[in-house]
Amino acid sequence: GQQVMQIPQYQHVQEGEDFTTYCNSSTTLSNIQWYKQRPGGHPVFLIQLVKSGEVKKQKRLTFQFGEAKKNSSLHITATQTTDVGTYFCAGSLALIFGKGTTLSVSS
Amino acid sequence: DGGITQSPKYLFRKEGQNVTLSCEQNLNHDAMYWYRQDPGQGLRLIYYSQIVNDFQKGDIAEGYSVSREKKESFPLTVTSAQKNPTAFYLCASMGSYNEQFFGPGTRLTVL
């Protein structure tokens, strides 16, 4: 069946460093969504990418959808302590989630 | 306030008992979902419903049952057939742009 792999599983950075998480699918995706879950909280929708090669920005966050629509990335510039949490990608309109990347930030 | 509510927040169950988790939304969304979250496993889809009186199995439906008698409500029953029910359960509904709105979750512990 379709799988969505996410790497790395964990990432620790110093505040101000950049962070990237990658999402790879075994099959072509019609769209990909990204969610953030703060510790002890529930996932919150960040963005949806639909087009091949699409790039979208939200302040310090940059999202990319690969040309083949089989991979995606989330890049955070100059991390802050408020970025702490687990970031999930999801394909097939959130029917298939990656296992997430947990980001910790030390000040 | 519009949103999704789940109750209870914490639930304890003895082995062999069925238990029902509540999920209610007032967002007027058609589609609703149930996920299970285990540490390091991400979210796994249990059941989803795209319209009232209809629902489909997700990847890990065994040992669970659902109903969708009203648009606002999508309760999940964890039956005694579920081998490892201890987990964090999340309910969600889908908005106009296909985004998922999640409830606060129910943490189920089997004693």
# chains A, B, ... in the order shown; residues from 1 in each chain; ligands from 1
$ interface_residues --of "chain B" --to "chain A" --cutoff "6 Å" --atoms "only C-alpha atoms" --output "PDB file with all heavy atoms, in the first residue's frame"
ATOM      1  N   GLN B  41       4.853   6.632  16.081  1.00  0.00           N
ATOM      2  CA  GLN B  41       4.132   5.983  14.972  1.00  0.00           C
ATOM      3  C   GLN B  41       3.334   6.953  14.131  1.00  0.00           C
ATOM      4  O   GLN B  41       2.695   6.544  13.184  1.00  0.00           O
ATOM      5  CB  GLN B  41       3.173   4.917  15.532  1.00  0.00           C
ATOM      6  CG  GLN B  41       3.866   3.736  16.170  1.00  0.00           C
ATOM      7  CD  GLN B  41       4.690   2.982  15.149  1.00  0.00           C
ATOM      8  OE1 GLN B  41       4.245   2.717  14.039  1.00  0.00           O
ATOM      9  NE2 GLN B  41       5.914   2.649  15.515  1.00  0.00           N
ATOM     10  N   GLY B  42       3.329   8.189  14.438  1.00  0.00           N
ATOM     11  CA  GLY B  42       2.512   9.124  13.683  1.00  0.00           C
ATOM     12  C   GLY B  42       1.040   8.855  13.904  1.00  0.00           C
ATOM     13  O   GLY B  42       0.631   8.286  14.913  1.00  0.00           O
ATOM     14  N   LEU B  43       0.227   9.261  12.943  1.00  0.00           N
ATOM     15  CA  LEU B  43      -1.219   9.078  13.024  1.00  0.00           C
ATOM     16  C   LEU B  43      -1.628   7.963  12.066  1.00  0.00           C
ATOM     17  O   LEU B  43      -1.236   7.978  10.901  1.00  0.00           O
ATOM     18  CB  LEU B  43      -1.950  10.362  12.626  1.00  0.00           C
ATOM     19  CG  LEU B  43      -2.086  11.454  13.673  1.00  0.00           C
ATOM     20  CD1 LEU B  43      -0.749  12.103  13.980  1.00  0.00           C
ATOM     21  CD2 LEU B  43      -3.083  12.500  13.228  1.00  0.00           C
ATOM     22  N   PRO B 104      -9.205  17.802  20.578  1.00  0.00           N
ATOM     23  CA  PRO B 104      -8.104  17.756  21.551  1.00  0.00           C
ATOM     24  C   PRO B 104      -7.627  16.353  21.895  1.00  0.00           C
ATOM     25  O   PRO B 104      -6.583  16.194  22.518  1.00  0.00           O
ATOM     26  CB  PRO B 104      -8.719  18.439  22.783  1.00  0.00           C
ATOM     27  CG  PRO B 104     -10.173  18.209  22.641  1.00  0.00           C
ATOM     28  CD  PRO B 104     -10.465  18.244  21.168  1.00  0.00           C
TER      29      PRO B 104
END
$ residues_around --residues "Ser52 (chain A)" --least-positions-apart "4" --cutoff "7 Å" --atoms "only C-alpha atoms" --output "list of chain:residue names"
A:Phe65, A:Gly66, A:Glu67, A:Ala68, A:Lys69
$ residues_around --residues "region 92-99 of chain B" --least-positions-apart "2" --cutoff "6 Å" --atoms "only C-alpha atoms" --output "PyMOL selection string"
chain B and resi 31-33+101-103
$ closest_residue --among "A:Asn24, A:Gln37, A:Ser72, A:Ser107" --to "Gln37 (chain B)" --atoms "only C-alpha atoms"
A:Gln37
$ residues_around --residues "region 19-27 of chain B" --least-positions-apart "2" --cutoff "8 Å" --atoms "only C-alpha atoms" --output "count of residues only"
22
$ closest_residue --among "A:Gln2, A:Thr20, A:Thr79, A:Ser25" --to "Asp59 (chain B)" --atoms "only C-alpha atoms"
A:Gln2
$ select_by_dssp --residues "chain A" --states "strand (DSSP E or B)" --output "VMD selection string"
chain A and resid 4 to 7 10 to 14 19 to 25 32 to 37 43 to 49 55 to 58 61 to 65 71 to 76 85 to 91 96 to 97 101 to 106
$ atom_distance --atom1 "CA of Gly16 (chain B)" --atom2 "CA of Asp38 (chain B)"
20.7 Å
$ closest_residue --among "A:Thr28, A:Ser73, A:Ser106, A:Ser92" --to "Pro8 (chain A)" --atoms "only C-alpha atoms"
A:Ser73
$ residues_around --residues "Val50 (chain A)" --least-positions-apart "5" --cutoff "7 Å" --atoms "only C-alpha atoms" --output "list in words"
Ser30, Asn31 and Ile32 of chain A
$ write_last_selection --atoms "all heavy atoms" --output "PDB file, in the first residue's frame"
ATOM      1  N   SER A  30      -1.468  13.227  -5.101  1.00  0.00           N
ATOM      2  CA  SER A  30      -2.268  14.287  -5.718  1.00  0.00           C
ATOM      3  C   SER A  30      -2.066  15.598  -4.954  1.00  0.00           C
ATOM      4  O   SER A  30      -2.177  16.686  -5.524  1.00  0.00           O
ATOM      5  CB  SER A  30      -3.744  13.908  -5.710  1.00  0.00           C
ATOM      6  OG  SER A  30      -4.166  13.647  -4.383  1.00  0.00           O
ATOM      7  N   ASN A  31      -1.764  15.491  -3.686  1.00  0.00           N
ATOM      8  CA  ASN A  31      -1.512  16.671  -2.873  1.00  0.00           C
ATOM      9  C   ASN A  31      -0.771  16.230  -1.620  1.00  0.00           C
ATOM     10  O   ASN A  31      -0.693  15.033  -1.329  1.00  0.00           O
ATOM     11  CB  ASN A  31      -2.810  17.364  -2.469  1.00  0.00           C
ATOM     12  CG  ASN A  31      -3.682  16.462  -1.626  1.00  0.00           C
ATOM     13  OD1 ASN A  31      -3.409  16.235  -0.449  1.00  0.00           O
ATOM     14  ND2 ASN A  31      -4.721  15.902  -2.213  1.00  0.00           N
ATOM     15  N   ILE A  32      -0.200  17.175  -0.903  1.00  0.00           N
ATOM     16  CA  ILE A  32       0.433  16.855   0.367  1.00  0.00           C
ATOM     17  C   ILE A  32       0.095  17.956   1.358  1.00  0.00           C
ATOM     18  O   ILE A  32      -0.002  19.134   0.985  1.00  0.00           O
ATOM     19  CB  ILE A  32       1.953  16.655   0.225  1.00  0.00           C
ATOM     20  CG1 ILE A  32       2.513  15.998   1.485  1.00  0.00           C
ATOM     21  CG2 ILE A  32       2.657  17.981  -0.059  1.00  0.00           C
ATOM     22  CD1 ILE A  32       3.762  15.218   1.255  1.00  0.00           C
TER      23      ILE A  32
END
$ atom_distance --atom1 "CA of Gly85 (chain A)" --atom2 "CA of Phe88 (chain B)"
16.4 Å
$ atom_distance --atom1 "CA of Lys9 (chain B)" --atom2 "CA of Leu108 (chain B)"
8.5 Å
$ closest_residue --among "B:Ala61, B:Ile46, B:Val52, B:Leu111" --to "Ala81 (chain B)" --atoms "only C-alpha atoms"
B:Ala61
$ closest_residue --among "B:Tyr89, B:Tyr64, B:Tyr10, B:Phe55" --to "Pro39 (chain B)" --atoms "only C-alpha atoms"
B:Tyr89
